[in-house]
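These notes concern the structure reproduced below.
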Amino acid sequence: WMYAFYARLFFAFFGLFIVAWTPESRVSTPFFLFVLGVSVLGSFASTVQFVGMGSFFTRISDPAIGGTYMTLLNTLSNLGGTWPHFFVLQAVEYYTVTRCEVPSSAPAATQAAAAALRHCSSDSERHACAELGGACAVTRDGYYSVGAACAVLGLLLLVTVVRPQVLRLQALPHAAWRLPRRARRGAKGGGGGGGGGGGRDEDDDDDDGGDGGGGDDDGEEEVELVGLVREVKEER
């Protein structure tokens with residue numbers, strides 16, 4: 001998973017050069033195949049991370065609520081990869097510098113009006129520039145500065161934060177990811193009764209000990225004990 005992270009950072013940084021090298025005219029076949037190959041390799045690295053993360057979630061999920069456990073972990077994972085998009089796009093817009101350029105033969109009043117347009121990024125500003133007979137030109141593209149900053153920041157976070165935390169979580173025993181015993185019993189018995197009279201309290205079950213209710217609790221404890229013993233053997 002971490003090796004794929006390094007690969008994705010490399011392709012993210014290398015993608016800046018691909019965008020800069022893209023010709024404004026017709027794209028040649030070798031360049032198209034080169035971009036296609038880089039895209040496939042980047043997607044492969046992303047798939048490796050996705051499969052590795054899914055395998056880890058499957059291994060640590062508590063069987064008592066396996067589906068709910070995995071859904072929660074995948075939701076948090078998807079949220080972590082989604083919320084930065086808004087801020088990155090806003091940063092690209094913020095660091096992009098545009099201006100309205102009019103022909104040099106335009107009247108002085110027109111050139112002054114074009115110079116008064118400090119930006120030429122919104123629809124209203126582009127429309128005003130077009131009315132002056134000019135066109136919006138990008139003098140500094142924020143994509144390159146923000147992309148390089150994100151790649152460097154991702155590498156720093158991977159070395160200083162992500163890698164140590166991943167190794168720490170991977171070293172935890174399986175029992176650390178299991179629900180407490182009381183929560184496991186609630187998860188097993190919660191599906192039987194919704195509403196008012198579907199379930200019974202644990203105290204009531206203990207009071208009915210003569211009919212075998214206590215034996216069920218003992219059986220659950222034995223199953224849990226056997227499961228813990230198996231987990232310890234697997235870890236050894």
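By order of appearance in the structure tokens: chains A, B, ..., then residues from 1 within every chain, and ligands from 1 in the order shown.
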
Near-Ser46 (chain A) list (12 Å; only C-alpha atoms; drop same-chain fewer than 4 positions) as a list in words = Trp1, Met2, Tyr3, Ala4, Phe5, Tyr6, Ala7, Arg8, Leu9, Phe11, Ala12, Ser39, Val40, Leu41, Gly42, Phe50, Val51, Gly52, Met53 and Gly81 of chain A

May I have the selected residues written with N, CA and C atoms, as a compact mmCIF listing (two decimals), in the first residue's frame?
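What ended up in result_39.txt:
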```txt
# COMPACT_ATOMS: atom_id res chain seq x y z
N TRP A 1 0.83 -1.20 0.00
CA TRP A 1 0.00 0.00 0.00
C TRP A 1 0.86 1.25 0.00
N MET A 2 1.92 1.27 0.84
CA MET A 2 2.78 2.46 0.90
C MET A 2 3.62 2.61 -0.36
N TYR A 3 4.05 1.49 -0.95
CA TYR A 3 4.79 1.58 -2.21
C TYR A 3 3.91 2.19 -3.30
N ALA A 4 2.64 1.80 -3.32
CA ALA A 4 1.71 2.40 -4.29
C ALA A 4 1.51 3.88 -4.00
N PHE A 5 1.59 4.28 -2.74
CA PHE A 5 1.48 5.69 -2.39
C PHE A 5 2.65 6.48 -2.99
N TYR A 6 3.85 5.94 -2.89
CA TYR A 6 5.00 6.59 -3.52
C TYR A 6 4.81 6.71 -5.04
N ALA A 7 4.28 5.66 -5.65
CA ALA A 7 4.06 5.68 -7.09
C ALA A 7 3.03 6.74 -7.48
N ARG A 8 1.97 6.87 -6.70
CA ARG A 8 0.95 7.87 -7.00
C ARG A 8 1.49 9.28 -6.84
N LEU A 9 2.33 9.49 -5.86
CA LEU A 9 2.95 10.81 -5.71
C LEU A 9 3.85 11.13 -6.91
N PHE A 11 3.52 9.97 -10.01
CA PHE A 11 2.69 10.26 -11.18
C PHE A 11 1.97 11.60 -11.03
N ALA A 12 1.63 11.98 -9.80
CA ALA A 12 1.01 13.29 -9.61
C ALA A 12 1.98 14.41 -9.96
N SER A 39 -1.28 7.18 -17.69
CA SER A 39 -2.60 7.11 -17.03
C SER A 39 -2.90 5.70 -16.54
N VAL A 40 -2.54 4.70 -17.33
CA VAL A 40 -2.78 3.31 -16.93
C VAL A 40 -1.95 2.96 -15.70
N LEU A 41 -0.71 3.38 -15.68
CA LEU A 41 0.15 3.09 -14.52
C LEU A 41 -0.35 3.81 -13.27
N GLY A 42 -0.80 5.05 -13.42
CA GLY A 42 -1.36 5.76 -12.28
C GLY A 42 -2.62 5.10 -11.76
N PHE A 50 -6.37 0.67 -3.30
CA PHE A 50 -7.76 0.36 -2.98
C PHE A 50 -7.91 -1.09 -2.53
N VAL A 51 -7.28 -2.01 -3.25
CA VAL A 51 -7.38 -3.43 -2.89
C VAL A 51 -6.68 -3.70 -1.56
N GLY A 52 -5.51 -3.08 -1.34
CA GLY A 52 -4.81 -3.27 -0.08
C GLY A 52 -5.61 -2.76 1.11
N MET A 53 -6.25 -1.60 0.93
CA MET A 53 -7.05 -1.06 2.01
C MET A 53 -8.29 -1.92 2.28
N GLY A 81 -10.48 11.10 1.15
CA GLY A 81 -9.98 11.38 -0.19
C GLY A 81 -10.83 12.35 -0.98
```

task = Please provide as number ranges by chain all residues within 10 Å of Thr58 (chain A), with the sequence filter that same-chain residues fewer than 5 positions apart are discarded (counting only C-alpha atoms).
result = A: 52-53, 63, 66-67, 69-70, 73

Would you export the selected residues with N, CA and C atoms as a CSV table (one decimal), in the first residue's frame, please?
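Output (out_6.csv):
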```
chain,number,residue,atom,x,y,z
A,52,GLY,N,-5.5,-3.1,-1.3
A,52,GLY,CA,-4.8,-3.3,-0.1
A,52,GLY,C,-5.6,-2.8,1.1
A,53,MET,N,-6.2,-1.6,0.9
A,53,MET,CA,-7.1,-1.1,2.0
A,53,MET,C,-8.3,-1.9,2.3
A,63,PRO,N,-16.5,-9.9,13.0
A,63,PRO,CA,-17.6,-10.7,12.3
A,63,PRO,C,-19.0,-10.4,12.9
A,66,GLY,N,-19.8,-7.4,10.7
A,66,GLY,CA,-18.9,-7.2,9.6
A,66,GLY,C,-19.3,-6.2,8.6
A,67,GLY,N,-20.5,-6.2,8.1
A,67,GLY,CA,-20.9,-5.3,7.1
A,67,GLY,C,-20.9,-3.9,7.6
A,69,TYR,N,-19.2,-2.6,10.1
A,69,TYR,CA,-17.8,-2.3,10.4
A,69,TYR,C,-17.1,-1.8,9.1
A,70,MET,N,-17.2,-2.6,8.0
A,70,MET,CA,-16.6,-2.3,6.8
A,70,MET,C,-17.1,-1.1,6.1
A,73,LEU,N,-15.6,2.0,7.9
A,73,LEU,CA,-14.2,2.2,7.5
A,73,LEU,C,-14.1,2.7,6.1
```

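The coordinates place CA of Val38 (chain A) at 24.0 Å from CA of Leu157 (chain A).
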
ask   = Using only C-alpha atoms, which residues sit within 12 Å of Ala113 (chain A) once same-chain residues fewer than 4 positions away are excluded, as a PyMOL selection string?
value = chain A and resi 99-102+106-109+117-118+125+128-134

May I have the residues from that selection written out with all heavy atoms, as a CSV table (one decimal), in the first residue's frame?
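Result went into again.csv, see below:
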```csv
chain,number,residue,atom,x,y,z
A,99,ARG,N,-5.5,38.3,-17.2
A,99,ARG,CA,-5.7,39.7,-17.6
A,99,ARG,C,-6.3,39.8,-18.9
A,99,ARG,O,-6.3,38.8,-19.7
A,99,ARG,CB,-4.3,40.4,-17.5
A,99,ARG,CG,-3.4,40.0,-18.6
A,99,ARG,CD,-2.1,40.8,-18.6
A,99,ARG,NE,-1.2,40.4,-19.7
A,99,ARG,CZ,0.0,40.9,-19.9
A,99,ARG,NH1,0.5,41.9,-19.1
A,99,ARG,NH2,0.8,40.5,-20.9
A,100,CYS,N,-6.9,40.9,-19.2
A,100,CYS,CA,-7.5,41.2,-20.4
A,100,CYS,C,-6.5,41.9,-21.4
A,100,CYS,O,-6.0,43.0,-21.1
A,100,CYS,CB,-8.8,42.1,-20.2
A,100,CYS,SG,-9.7,42.5,-21.8
A,101,GLU,N,-6.3,41.3,-22.5
A,101,GLU,CA,-5.4,41.8,-23.5
A,101,GLU,C,-6.1,42.3,-24.7
A,101,GLU,O,-7.0,41.6,-25.3
A,101,GLU,CB,-4.4,40.8,-23.9
A,101,GLU,CG,-3.4,40.3,-22.8
A,101,GLU,CD,-2.3,39.4,-23.3
A,101,GLU,OE1,-2.5,38.9,-24.5
A,101,GLU,OE2,-1.4,39.1,-22.6
A,102,VAL,N,-5.9,43.6,-25.0
A,102,VAL,CA,-6.5,44.2,-26.2
A,102,VAL,C,-5.5,44.5,-27.2
A,102,VAL,O,-4.3,44.6,-26.9
A,102,VAL,CB,-7.3,45.5,-25.8
A,102,VAL,CG1,-8.4,45.2,-24.9
A,102,VAL,CG2,-6.3,46.5,-25.2
A,106,ALA,N,-5.7,49.6,-30.3
A,106,ALA,CA,-6.9,50.0,-29.7
A,106,ALA,C,-6.7,51.4,-29.1
A,106,ALA,O,-5.6,51.8,-28.7
A,106,ALA,CB,-7.4,49.0,-28.6
A,107,PRO,N,-7.8,52.2,-28.9
A,107,PRO,CA,-7.7,53.5,-28.3
A,107,PRO,C,-7.2,53.5,-26.9
A,107,PRO,O,-7.3,52.4,-26.2
A,107,PRO,CB,-9.1,54.1,-28.4
A,107,PRO,CG,-9.8,53.3,-29.5
A,107,PRO,CD,-9.1,51.9,-29.4
A,108,ALA,N,-6.7,54.6,-26.5
A,108,ALA,CA,-6.1,54.7,-25.1
A,108,ALA,C,-7.2,54.4,-24.1
A,108,ALA,O,-6.9,53.8,-23.0
A,108,ALA,CB,-5.5,56.0,-24.9
A,109,ALA,N,-8.4,54.9,-24.3
A,109,ALA,CA,-9.5,54.6,-23.4
A,109,ALA,C,-9.8,53.1,-23.2
A,109,ALA,O,-10.0,52.6,-22.1
A,109,ALA,CB,-10.7,55.4,-23.8
A,117,LEU,N,-9.5,46.0,-15.5
A,117,LEU,CA,-10.0,44.7,-15.2
A,117,LEU,C,-8.8,43.9,-14.5
A,117,LEU,O,-7.9,43.4,-15.2
A,117,LEU,CB,-10.5,43.9,-16.4
A,117,LEU,CG,-11.8,44.5,-17.1
A,117,LEU,CD1,-12.0,43.7,-18.4
A,117,LEU,CD2,-12.9,44.2,-16.1
A,118,ARG,N,-8.9,43.8,-13.2
A,118,ARG,CA,-7.7,43.2,-12.5
A,118,ARG,C,-7.7,41.7,-12.7
A,118,ARG,O,-6.6,41.1,-12.7
A,118,ARG,CB,-7.8,43.5,-11.0
A,118,ARG,CG,-7.9,45.0,-10.7
A,118,ARG,CD,-7.9,45.3,-9.3
A,118,ARG,NE,-6.7,44.7,-8.6
A,118,ARG,CZ,-6.6,44.7,-7.3
A,118,ARG,NH1,-7.5,45.3,-6.5
A,118,ARG,NH2,-5.5,44.2,-6.7
A,125,GLU,N,-16.4,39.1,-16.2
A,125,GLU,CA,-15.1,39.7,-16.6
A,125,GLU,C,-14.7,39.3,-18.0
A,125,GLU,O,-14.2,40.2,-18.7
A,125,GLU,CB,-14.0,39.3,-15.6
A,125,GLU,CG,-14.2,39.9,-14.2
A,125,GLU,CD,-13.3,39.3,-13.2
A,125,GLU,OE1,-12.7,38.2,-13.4
A,125,GLU,OE2,-13.1,39.9,-12.1
A,128,ALA,N,-17.0,41.4,-20.3
A,128,ALA,CA,-16.5,42.8,-20.3
A,128,ALA,C,-15.3,42.9,-21.2
A,128,ALA,O,-15.1,43.8,-22.0
A,128,ALA,CB,-16.3,43.3,-18.9
A,129,CYS,N,-14.4,41.9,-21.1
A,129,CYS,CA,-13.2,42.0,-21.9
A,129,CYS,C,-13.5,41.8,-23.4
A,129,CYS,O,-12.9,42.5,-24.3
A,129,CYS,CB,-12.2,40.9,-21.5
A,129,CYS,SG,-10.6,40.9,-22.4
A,130,ALA,N,-14.4,40.9,-23.7
A,130,ALA,CA,-14.9,40.7,-25.1
A,130,ALA,C,-15.5,42.0,-25.7
A,130,ALA,O,-15.3,42.3,-26.8
A,130,ALA,CB,-15.8,39.5,-25.2
A,131,GLU,N,-16.3,42.7,-24.8
A,131,GLU,CA,-16.9,43.9,-25.3
A,131,GLU,C,-15.8,45.0,-25.7
A,131,GLU,O,-16.1,45.8,-26.5
A,131,GLU,CB,-17.8,44.5,-24.3
A,131,GLU,CG,-19.1,43.7,-24.1
A,131,GLU,CD,-20.1,44.3,-23.2
A,131,GLU,OE1,-19.7,45.2,-22.4
A,131,GLU,OE2,-21.3,43.9,-23.1
A,132,LEU,N,-14.7,44.9,-25.0
A,132,LEU,CA,-13.6,45.9,-25.3
A,132,LEU,C,-12.8,45.4,-26.5
A,132,LEU,O,-11.8,46.1,-26.9
A,132,LEU,CB,-12.7,46.0,-24.1
A,132,LEU,CG,-13.3,46.7,-22.8
A,132,LEU,CD1,-12.3,46.6,-21.7
A,132,LEU,CD2,-13.7,48.1,-23.1
A,133,GLY,N,-13.1,44.3,-27.1
A,133,GLY,CA,-12.4,43.8,-28.2
A,133,GLY,C,-11.1,43.1,-27.9
A,133,GLY,O,-10.3,42.8,-28.7
A,134,GLY,N,-11.0,42.6,-26.6
A,134,GLY,CA,-9.9,41.9,-26.2
A,134,GLY,C,-10.1,40.4,-25.9
A,134,GLY,O,-11.2,39.9,-26.2
```

query = With only C-alpha atoms as the atoms that count, which of A:Ser145, A:Ser61, A:Thr47, A:Gln111 lies nearest to Tyr94 (chain A)?
reply = A:Ser145

key: Per-residue DSSP, region 59-204 of chain A, filtered to helix (DSSP H, G or I), as JSON, numbers by chain   = {"A": [59, 60, 63, 64, 65, 66, 67, 68, 69, 70, 71, 72, 73, 74, 75, 76, 77, 78, 79, 80, 81, 82, 84, 85, 86, 87, 88, 89, 90, 91, 92, 93, 94, 95, 108, 109, 110, 111, 112, 113, 114, 115, 116, 123, 124, 125, 126, 127, 128, 129, 130, 131, 142, 143, 144, 145, 146, 147, 148, 149, 150, 151, 152, 153, 154, 155, 156, 157, 158, 159, 160, 161, 162, 163, 164, 165, 166, 167, 168, 169, 170, 171, 174, 175, 176, 177, 181, 182, 183, 184, 185, 186, 187, 188, 189, 202, 203, 204]}

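Nearest residue to Arg59 (chain A) among A:Phe86, A:Phe14, A:Trp177, A:Phe32 is A:Trp177, counting only C-alpha atoms.
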
task = Determine which residues of region 42-109 of chain A receive a DSSP assignment of strand (DSSP E or B), computed from the backbone, and state them as a PyMOL selection string.
result = chain A and resi 97-101

Please produce a file of those selected residues containing N, CA, C and O atoms, as a PDB file, in the first residue's frame.
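Once everything was written out, this is result01.pdb:
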```
ATOM      1  N   VAL A  97      -3.455  33.808 -12.311  1.00  0.00           N
ATOM      2  CA  VAL A  97      -3.476  35.239 -12.651  1.00  0.00           C
ATOM      3  C   VAL A  97      -3.842  35.377 -14.122  1.00  0.00           C
ATOM      4  O   VAL A  97      -3.188  34.791 -14.995  1.00  0.00           O
ATOM      5  N   THR A  98      -4.895  36.124 -14.392  1.00  0.00           N
ATOM      6  CA  THR A  98      -5.340  36.374 -15.764  1.00  0.00           C
ATOM      7  C   THR A  98      -5.506  37.875 -15.969  1.00  0.00           C
ATOM      8  O   THR A  98      -5.689  38.634 -15.013  1.00  0.00           O
ATOM      9  N   ARG A  99      -5.469  38.263 -17.221  1.00  0.00           N
ATOM     10  CA  ARG A  99      -5.662  39.678 -17.552  1.00  0.00           C
ATOM     11  C   ARG A  99      -6.303  39.780 -18.926  1.00  0.00           C
ATOM     12  O   ARG A  99      -6.274  38.836 -19.724  1.00  0.00           O
ATOM     13  N   CYS A 100      -6.885  40.950 -19.178  1.00  0.00           N
ATOM     14  CA  CYS A 100      -7.542  41.222 -20.449  1.00  0.00           C
ATOM     15  C   CYS A 100      -6.542  41.893 -21.390  1.00  0.00           C
ATOM     16  O   CYS A 100      -5.992  42.954 -21.063  1.00  0.00           O
ATOM     17  N   GLU A 101      -6.301  41.278 -22.508  1.00  0.00           N
ATOM     18  CA  GLU A 101      -5.371  41.837 -23.487  1.00  0.00           C
ATOM     19  C   GLU A 101      -6.147  42.348 -24.700  1.00  0.00           C
ATOM     20  O   GLU A 101      -6.955  41.618 -25.286  1.00  0.00           O
TER      21      GLU A 101
END
```

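CA of Ile18 (chain A) is positioned 11.1 Å from CA of Leu36 (chain A).
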
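The space separating CA of Pro164 (chain A) from CA of Ile60 (chain A) comes to 18.6 Å.
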